[in-house]
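Taking it in order: structure first as C-alpha cells, then the write-up.
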Amino acid sequence: MRFRALVAVVGVLLAAMTVNALAASQVKSVRLWRAPDNTRLVFDLSGPVQHSVFTLTAPDRLVIDINGATLAAPLKVSTANTPITAMRSAQRTPTDLRVVIDLKKTVTPKSFVLAPNAQYGNRLVVDLFDNAADANPPPAPPSPPSVATVPAVPVSTSQPQVKLPPLPPAPAGKRDIIVVIDAGHGGEDPGASGSRGQHEKDVVLAIARELQRQVNAMKGYRAELTRTGDYFIPLRGRTEIARKKGADLFVSIHADAAPSTAAFGASVFALSDRGATSETARWLADSENRSDLIGGAGNVSLDDKDKMLAGVLLDLSMTASLTSSLNVGQKVLSNIGRVTSLHKQRVEQAGFMVLKSPDIPSILVETGFISNANEASKLASASHQQALARSISAGVRQFFQQNPPPGTYIAWLRDSGKIAQGPRDHRVQPGDTLAMLAVRFQVSAATLRSANNLKTDELKVGQVLTIPGTELAAQ
C-alpha cells in the first residue's frame, strides 16, 4: 500500500512539473508586417511552445491554439491595410491560449516556430497569404536576356528529364533594360544596427528607392524593387521576383557590420566559383527548382533536355552570368570609390544566396559599415544616399552601354551608332558654369541638374559632377 501511495504521489508531482513546464512560456507581444501578397504575424515568446492553426468561415476567422503558453500582455497591433479586422484571445486552460483573428476575407495560413537568435527569443510566425483571386498578379514579364546560342542536340530518353516550363516569346520592339533592386532584410529582420539605433533594413530601402528613381530617369532603363516597404522576403523569393520581372541585372543593397567599430568602407560582391558550382548542382537535383525559368543559353527551354545537356546549359548560363556580374561589379565599385571609402579595391566573391541566379547577372553592394558611427551617420543622410545611388547607377549604365541585351533600346542605340559617350565624371574648374558644361558635353542643363541633384546652377571649384552619357539625335 505504501508503494502504491508513493507511486501516486510521484505521479502527481510529475504531472505538476509538466504543467509548470508547459506554463513556463508566455506570449509577450505580437508584431505585424504587410507585404504585397501576405500579412505576417510574429508572436514573441518567452520559451518554446506547440501550436496549431485552422480557419473558420461565416464569418471568416483564423484560430491559433498555442499550447503551453499564457498571455503576458494584451495583443495590440495596428491592422490597417491588412485582411485582419480584429484580434482577440482567451485562456482555454491554464496552459492553453487561443487567439482568434477576425478576417475581412479568406486567407491561406502558414505557420512555423523559430528558435532564439542573437536578436530575438522564441517566436511563432503566422503568414496569412492573400487568395490568388484577390492578388491581381501583374502581366507576364518579358523573357530574361540570352547569354549564348546553343545548337540543337539530339535528346536522349535514357536519362531523367529536367522539367521546366517553356519560356515566353521574345519581346518585340526596343524594350527597356530591367534592373531589379533588392533592399536587404525587412520586417522582423532588421539586419545590422548602428550605435544610434539605425537599422540596416531602413537605410538600404531608402538607398534602393533613390537608385530606382535615378535608373528610371535614364531613357531605356526601368528599375523595379523586390520590396517596397518594411516587410520580409525570403532570400530565394527575392531572386524569384527578379526572374518574374524579367531582370537583366539584380542589385542587392546592404550595409555591413563588424565586431570592430573601426571597420569602414563600401564593398561589391559577386558569386564565388564554389557557390556557382553548388547552385548549378542544386538546380539539377532539386525538383522544386524544375518549375523555374532558365533565361540563359539563347532562351533554350530545358523541358526536352536530358540531365547531362541541362547541366551543360546551366553551366554555360551560370558562367556567362558570373562573368557579367564581375564586370558590372567592378564598374559599380570604381564609381562608388569616387564618393566614399572602399573596404576592398576589387570585387569580392562569396556564396550569398541572393547572387545565385544562373540566368541573371547579380551583385551585392555593401554601402558601408553601419557599425561604424561615422559611416552610420553618412548612410542615414539623404545626400550620401543620393551619391551612393548615383555611383551605382553610373556603373550600371556604363556596363549596359558596352553590353546591351539584344532587343533593347540601348542595343538599338549602340548598333545604329547613336551612343556618343558613356557617363563620366568632371571636376569643376575655375570659370566653369553649368551652362558652359552643358554645351561642352552636349547635354542639357536640366539633365546635369537632375543627374547631380542640384537645386541651383551654382557650382564650386573642385566639385565632382556626373556627366550623363549622351545620345546622338536619330537620323
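Following the order of the C-alpha cells, chains are lettered A, B, ..., residues in each are numbered from 1, and ligands are numbered from 1.
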
When you look at Ser444 (chain A) with a cut-off of 12 Å (counting only C-alpha atoms), what residues show up, excluding the ones that are within fewer than 2 positions of it in the same chain? I need them as a ChimeraX atom specification.
/A:434-442,446-451,467-471

Could the residues in this selection be saved with N, CA and C atoms as a compact mmCIF listing (two decimals), in the first residue's frame?
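The resulting result-v8.txt:
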```txt
# COMPACT_ATOMS: atom_id res chain seq x y z
N LEU A 434 27.39 75.95 -65.25
CA LEU A 434 26.54 74.84 -65.65
C LEU A 434 26.18 74.94 -67.13
N ALA A 435 25.91 76.15 -67.58
CA ALA A 435 25.54 76.33 -68.98
C ALA A 435 26.71 75.97 -69.91
N MET A 436 27.93 76.38 -69.54
CA MET A 436 29.10 76.07 -70.37
C MET A 436 29.35 74.57 -70.41
N LEU A 437 29.20 73.90 -69.27
CA LEU A 437 29.42 72.45 -69.23
C LEU A 437 28.36 71.72 -70.05
N ALA A 438 27.12 72.22 -70.03
CA ALA A 438 26.06 71.61 -70.82
C ALA A 438 26.39 71.65 -72.30
N VAL A 439 26.92 72.80 -72.77
CA VAL A 439 27.32 72.92 -74.17
C VAL A 439 28.51 72.03 -74.48
N ARG A 440 29.50 72.02 -73.58
CA ARG A 440 30.73 71.24 -73.82
C ARG A 440 30.43 69.75 -73.93
N PHE A 441 29.55 69.25 -73.06
CA PHE A 441 29.29 67.80 -73.02
C PHE A 441 28.03 67.40 -73.78
N GLN A 442 27.41 68.35 -74.50
CA GLN A 442 26.26 68.07 -75.37
C GLN A 442 25.08 67.45 -74.59
N ALA A 446 19.28 71.05 -67.66
CA ALA A 446 18.32 70.34 -66.82
C ALA A 446 18.79 68.91 -66.54
N THR A 447 19.38 68.25 -67.56
CA THR A 447 19.90 66.90 -67.37
C THR A 447 21.03 66.88 -66.36
N LEU A 448 21.92 67.88 -66.44
CA LEU A 448 23.02 67.98 -65.47
C LEU A 448 22.48 68.19 -64.06
N ARG A 449 21.47 69.06 -63.93
CA ARG A 449 20.90 69.28 -62.60
C ARG A 449 20.30 67.99 -62.05
N SER A 450 19.54 67.27 -62.88
CA SER A 450 18.89 66.05 -62.42
C SER A 450 19.90 64.98 -62.06
N ALA A 451 20.94 64.81 -62.88
CA ALA A 451 21.93 63.76 -62.64
C ALA A 451 22.72 64.00 -61.37
N ILE A 467 28.59 63.42 -65.46
CA ILE A 467 28.12 63.83 -66.78
C ILE A 467 27.43 62.62 -67.40
N PRO A 468 26.10 62.67 -67.60
CA PRO A 468 25.40 61.50 -68.16
C PRO A 468 25.90 61.18 -69.55
N GLY A 469 25.72 59.91 -69.94
CA GLY A 469 26.04 59.52 -71.30
C GLY A 469 25.15 60.27 -72.28
N THR A 470 25.69 60.65 -73.40
CA THR A 470 24.94 61.42 -74.40
C THR A 470 24.52 60.51 -75.53
N GLU A 471 23.40 60.84 -76.15
CA GLU A 471 22.89 60.10 -77.29
C GLU A 471 22.75 61.03 -78.47
```

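For the choices A:Gly395, A:Gly184, A:Gly229, A:Pro361, the atom-to-atom distance to Leu249 (chain A) is smallest for A:Pro361 when using only C-alpha atoms.
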
Correct to one decimal, the distance CA of Asn67 (chain A)-CA of Arg31 (chain A) is 19.6 Å

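Among the candidates A:Ser377, A:Thr79, A:Asn403, A:Gln385, the residue lying nearest to Ser195 (chain A) is A:Ser377 (atoms considered: only C-alpha atoms).
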
*asked:* If we count only C-alpha atoms and set the cut-off at 10 Å, which residues sit around Val215 (chain A), ignoring sequence neighbours fewer than 4 positions away in its own chain? Please answer as number ranges by chain.
replied: A: 177-179, 209-211, 219-224, 389-390, 392-394, 396-397

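Using only C-alpha atoms, the nearest neighbour of Ile84 (chain A) within the list A:Val125, A:Leu41, A:Leu388, A:Ala115 is A:Leu41.
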
If you run DSSP on the backbone here, which positions in region 320-402 of chain A get helix (DSSP H, G or I)? Please write them as an NGL selection string. :A and (320-336 or 353-355 or 373-379 or 382-402)

>> Neighbouring residues of Thr55 (chain A) were defined as those with any atom within 10 Å, considering only C-alpha atoms; residues of the same chain fewer than 5 positions away were excluded. Please report them as a PyMOL selection string.
In response: chain A and resi 60-64+100-101+106-109

Okay, now the selection with C-alpha atoms, as an mmCIF file, in the first residue's frame?
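Writing done, so here's part-v7.cif:
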```cif
data_model
loop_
_atom_site.group_PDB
_atom_site.id
_atom_site.type_symbol
_atom_site.label_atom_id
_atom_site.label_comp_id
_atom_site.auth_asym_id
_atom_site.auth_seq_id
_atom_site.Cartn_x
_atom_site.Cartn_y
_atom_site.Cartn_z
ATOM 1 C CA ASP A 60 -14.017 34.252 -41.846
ATOM 2 C CA ARG A 61 -11.715 33.682 -38.902
ATOM 3 C CA LEU A 62 -8.301 32.216 -38.180
ATOM 4 C CA VAL A 63 -7.828 30.304 -34.920
ATOM 5 C CA ILE A 64 -4.351 29.858 -33.419
ATOM 6 C CA VAL A 100 -8.865 34.310 -32.787
ATOM 7 C CA ILE A 101 -8.256 36.619 -35.743
ATOM 8 C CA THR A 106 -10.454 34.221 -46.642
ATOM 9 C CA VAL A 107 -6.705 33.722 -46.442
ATOM 10 C CA THR A 108 -4.339 30.777 -46.682
ATOM 11 C CA PRO A 109 -2.350 30.447 -43.442
#
```

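Atom to atom, CA of Ile363 (chain A) and CA of Ser381 (chain A) stand 23.5 Å apart.
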
Item checked: Surrounding residues of Pro116 (chain A) excluding itself and chain neighbours under 2 positions, 12 Å, only C-alpha atoms, as a count of residues only -> 14

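Look at Gly337 (chain A): the protein and nucleic acid residues within 9 Å of it, using only C-alpha atoms and passing over chain neighbours fewer than 6 places away, are Ala266, Gln345 and Ser391 of chain A.
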
Keeping only N, CA and C atoms, write the selected residues to a file as a tab-separated table (two decimals), in the first residue's frame.
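Wrote out.tsv, looks like this:
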```tsv
chain	number	residue	atom	x	y	z
A	266	ALA	N	32.96	50.73	-48.34
A	266	ALA	CA	31.96	50.02	-49.14
A	266	ALA	C	32.61	48.86	-49.88
A	345	GLN	N	39.54	47.00	-52.76
A	345	GLN	CA	39.68	47.68	-54.04
A	345	GLN	C	39.22	46.83	-55.23
A	391	SER	N	26.36	56.69	-57.94
A	391	SER	CA	27.55	55.93	-58.33
A	391	SER	C	27.16	54.54	-58.83
```
